[in-house]
Amino acid sequence: MSRQNKILMVITLLCGSFITAFSETLLNNGLPTIMAEVHVSEMTVQWLSTGYMLAAGITMPLAAYLTNSVKLRTLFTATMTIFLAGTVISAFAPNFPLLLIGRLIEGVAVGVNMPLIPNVLALIFSPRHRGTVMGLAGIIINFGPAAGPTVSGIVVDYFSWRMLFIILIPICILVLIATQLFVKNVIPSQPSSIDVLSVLTSMAGLAILLYSLGRVGETGRLDWLTLALQVVGIAVMIFFVKRQLKLKKPLLEMRVFKAPSFRLGAILALLNTSSLMATELMLPLFNQNVLKVTPTVSGLMLIPSALVMMVASPIAGRLYDQIGIKKVAFLGFGIGLLATIPMAFYSPTTSIFTVTALYALRCGGLNLAYSPVSVYGLNALSQEYVVFGNTLMVNMNQIADAFANAMAATLQSLGQKHGIAHKLSTSVAALQGFHWSFWSIAVLNIIAFCLLFKLKNRSTVELK
């Protein structure tokens with residue numbers, strides 16, 4: 001491909017990826033408004049975000065099979081069309097169940113679409129330039145989730161929450177048109193079969209586990225049914241993993257975990273993105289329910305974080321290419337951890353400027369580390385395994401995001417119910433719930449920082 005053709009194709013793919021990433025957090029600042037309008041609880045309404053991520057995570061194992069079996073242009077067109085259909089359903093949904101269905105349809109499309117971009121970039125650019133290229137792509141992809149809550153806050157204050165979906169419709173149509181003009185079939189098609197049992201067990205196991213976690217938040221206790229569901233979910237996922245290791249052509253290539261550097265890079269990326277997304281969900285709720293700011297102000301508080309992430313992403317890629325990962329990772333995760341701990345001590349009197357500044361600093365630090373740890377893991381794989389490794393890494397991140405969101409929302413609910421049971425006022429009990437939630441996010445950052453001591457400065461191919 002010529003340089004110009006590469007650029008036009010990458011821009012088109014990144015635009016589609018931006019829309020889907022943008023939609024992932026688009027409702028966050030609008031959740032309190034939707035709660036009031038459709039009369040559901042905070043634990044229920046968060047499924048519009050968590051369910052979206054889970055749907056993406058459940059369908060993502062199909063990405064590697066579809067990427068190899070379907071031409072790139074056809075596959076990208078199909079995913080964007082499905083996403084458009086889900087957006088239209090959500091925009092005009094008359095009730096909460098149909099709104100949730102529309103979000104789940106969007107998530108299904110994202111699950112296949114999201115791994116496409118890194119896979120294409122990994123195939124058309126050499127390992128020597130992957131860090132820089134992935135960093136530049138990260139500006140677009142990471143800006144989506146960062147900008148989502150900001151836009152939703154402003155839109156919800158001045159328009160209906162339905163406008164959050166309506167504004168996406170013409171953009172999706174433009175991306176579909178550009179796809180027909182600029183996207184080339186750069187990934188060779190390799191017709192292959194798919195193991196239906198693997199698909200069903202992965203979907204069932206993840207759905208059962210996430211539902212059981214949600215039940216804890218709804219009921220406020222760990223009852224026997226919830227515990228039984230968790231045991232069943234874990235057993236199903238163990239069966240799924242063992243089956244993948246036995247199949248010649250697995251749904252997810254678990255053998256990539258034989259590479260220690262990939263294993264470490266994947267875990268660090270998982271902890272990084274899940275702590276980011278959980279905060280993206282909980283902070284707007286904290287801003288509106290505790291600090292009592294409007295959706296617009298809550299959205300504006302997140303703008304500095306989006307700008308910092310845009311700057312940090314390309315810097316991270318270049319630093320990794322030039323000096324390796326150790327200094328970059330320790331700096332990024334260190335900043336992220338130091339800016340996370342104060343969140344567990346926020347109060348109704350905390351300045352919005354303090355919340356804004358610490359959140360921007362946190363996002364910048366974690367984003368500085370994300371691309372390097374991802375590339376560190378992928379560079380431990382031969383070219384043959386890069387697509388499988390990247391698909392698995394993105395899949396793990398998406399599922400971890402859903403579980404981190406559910407965990408944060410569950411602990412907020414448990415903390416609030418615990419406070420009410422101990423005769424605290426409603427406002428103080430809600431604050432306690434947010435403290436529990438923020439502490440759970442801090443634990444993810446602490447675990448990640450401890451794992452950094454296992455990093456080598458650069459990874460080499462460990463699995464051929």
# chains A, B, ... in the order shown; residues from 1 in each chain; ligands from 1
call {"tool": "select_by_dssp", "arguments": {"residues": "region 341-444 of chain A", "states": "alpha helix (DSSP H)", "output": "number ranges by chain"}}
result
A: 352-378, 383-421, 426-444
call {"tool": "residues_around", "arguments": {"residues": "Val232 (chain A)", "least_positions_apart": "5", "cutoff": "10 Å", "atoms": "only C-alpha atoms", "output": "list in words"}}
result
Ala204, Gly205, Ile208, Leu209, Thr226, Leu227, Met237 and Ile238 of chain A
call {"tool": "write_last_selection", "arguments": {"atoms": "N, CA and C atoms", "output": "mmCIF file, in the first residue's frame"}}
result
data_model
loop_
_atom_site.group_PDB
_atom_site.id
_atom_site.type_symbol
_atom_site.label_atom_id
_atom_site.label_comp_id
_atom_site.auth_asym_id
_atom_site.auth_seq_id
_atom_site.Cartn_x
_atom_site.Cartn_y
_atom_site.Cartn_z
ATOM 1 N N ALA A 204 -21.465 -17.794 28.412
ATOM 2 C CA ALA A 204 -22.208 -18.185 29.614
ATOM 3 C C ALA A 204 -21.402 -17.899 30.875
ATOM 4 N N GLY A 205 -20.130 -18.279 30.877
ATOM 5 C CA GLY A 205 -19.305 -18.092 32.070
ATOM 6 C C GLY A 205 -19.174 -16.636 32.474
ATOM 7 N N ILE A 208 -22.622 -15.162 33.683
ATOM 8 C CA ILE A 208 -22.991 -15.648 35.013
ATOM 9 C C ILE A 208 -22.167 -14.941 36.090
ATOM 10 N N LEU A 209 -20.855 -14.805 35.859
ATOM 11 C CA LEU A 209 -19.992 -14.168 36.851
ATOM 12 C C LEU A 209 -20.368 -12.700 37.067
ATOM 13 N N THR A 226 -26.232 -16.432 44.941
ATOM 14 C CA THR A 226 -25.136 -15.661 44.358
ATOM 15 C C THR A 226 -23.838 -16.454 44.407
ATOM 16 N N LEU A 227 -23.575 -17.084 45.560
ATOM 17 C CA LEU A 227 -22.358 -17.883 45.706
ATOM 18 C C LEU A 227 -22.352 -19.055 44.729
ATOM 19 N N MET A 237 -15.659 -21.088 33.165
ATOM 20 C CA MET A 237 -14.496 -20.406 32.585
ATOM 21 C C MET A 237 -13.245 -21.283 32.630
ATOM 22 N N ILE A 238 -13.092 -22.083 33.681
ATOM 23 C CA ILE A 238 -11.965 -23.023 33.743
ATOM 24 C C ILE A 238 -12.083 -24.050 32.627
#
call {"tool": "closest_residue", "arguments": {"among": "A:Leu366, A:Val110, A:Val290, A:Leu452", "to": "Thr426 (chain A)", "atoms": "only C-alpha atoms"}}
result
A:Val290
call {"tool": "closest_residue", "arguments": {"among": "A:Thr356, A:Asn390, A:Asn28, A:Gln288", "to": "Ala430 (chain A)", "atoms": "only C-alpha atoms"}}
result
A:Gln288
call {"tool": "atom_distance", "arguments": {"atom1": "CA of Val183 (chain A)", "atom2": "CA of Val120 (chain A)"}}
result
10.9 Å
call {"tool": "residues_around", "arguments": {"residues": "Ala147 (chain A)", "least_positions_apart": "6", "cutoff": "12 Å", "atoms": "only C-alpha atoms", "output": "compact mmCIF listing (two decimals) with C-alpha atoms, in the first residue's frame"}}
result
# COMPACT_ATOMS: atom_id res chain seq x y z
CA PHE A 18 -13.31 6.52 18.23
CA ILE A 19 -17.11 6.44 17.94
CA ALA A 21 -14.87 4.05 22.39
CA PHE A 22 -16.64 7.40 22.79
CA SER A 23 -19.98 5.63 23.21
CA GLU A 24 -18.53 3.43 25.96
CA THR A 25 -18.54 6.29 28.48
CA LEU A 26 -20.99 8.62 26.72
CA LEU A 27 -23.81 7.93 29.17
CA ASN A 28 -21.75 8.30 32.37
CA ASN A 29 -22.73 11.90 33.12
CA ILE A 139 -4.66 9.71 20.98
CA ILE A 140 -7.85 9.00 19.05
CA ILE A 141 -8.92 5.80 20.76
CA GLY A 153 -22.77 16.37 30.72
CA ILE A 154 -23.26 19.31 28.38
CA GLU A 280 -14.87 7.11 34.50
CA SER A 298 -19.29 17.52 35.95
CA GLY A 299 -18.49 17.12 32.26
CA LEU A 300 -16.27 20.21 32.18
CA MET A 301 -14.32 18.83 35.14
CA LEU A 302 -13.20 15.95 32.92
CA ILE A 303 -11.90 18.05 30.01
CA PRO A 304 -8.37 18.52 31.44
CA SER A 305 -8.03 14.73 31.80
CA ALA A 306 -8.96 14.22 28.13
CA LEU A 307 -6.39 16.81 27.03
CA VAL A 308 -3.68 15.33 29.24
CA MET A 309 -4.37 11.86 27.85
CA MET A 310 -4.07 13.17 24.29
call {"tool": "closest_residue", "arguments": {"among": "A:Phe262, A:Ser351, A:Met254, A:Ile194", "to": "Lys292 (chain A)", "atoms": "only C-alpha atoms"}}
result
A:Ser351
call {"tool": "closest_residue", "arguments": {"among": "A:Lys184, A:Arg103, A:His39, A:Arg263", "to": "Leu8 (chain A)", "atoms": "only C-alpha atoms"}}
result
A:Lys184
call {"tool": "atom_distance", "arguments": {"atom1": "CA of Pro260 (chain A)", "atom2": "CA of Leu378 (chain A)"}}
result
11.0 Å
call {"tool": "atom_distance", "arguments": {"atom1": "CA of Leu54 (chain A)", "atom2": "CA of Ala402 (chain A)"}}
result
5.5 Å
call {"tool": "residues_around", "arguments": {"residues": "Thr77 (chain A)", "least_positions_apart": "5", "cutoff": "9 Å", "atoms": "only C-alpha atoms", "output": "MDAnalysis selection string"}}
result
chainID A and resid 72 82 175:176 179:180
call {"tool": "residues_around", "arguments": {"residues": "Thr33 (chain A)", "least_positions_apart": "3", "cutoff": "8 Å", "atoms": "only C-alpha atoms", "output": "VMD selection string"}}
result
chain A and resid 30 36 to 37 156 161
call {"tool": "closest_residue", "arguments": {"among": "A:Asn289, A:Thr354, A:Ser90, A:Asn5", "to": "Ile166 (chain A)", "atoms": "only C-alpha atoms"}}
result
A:Ser90
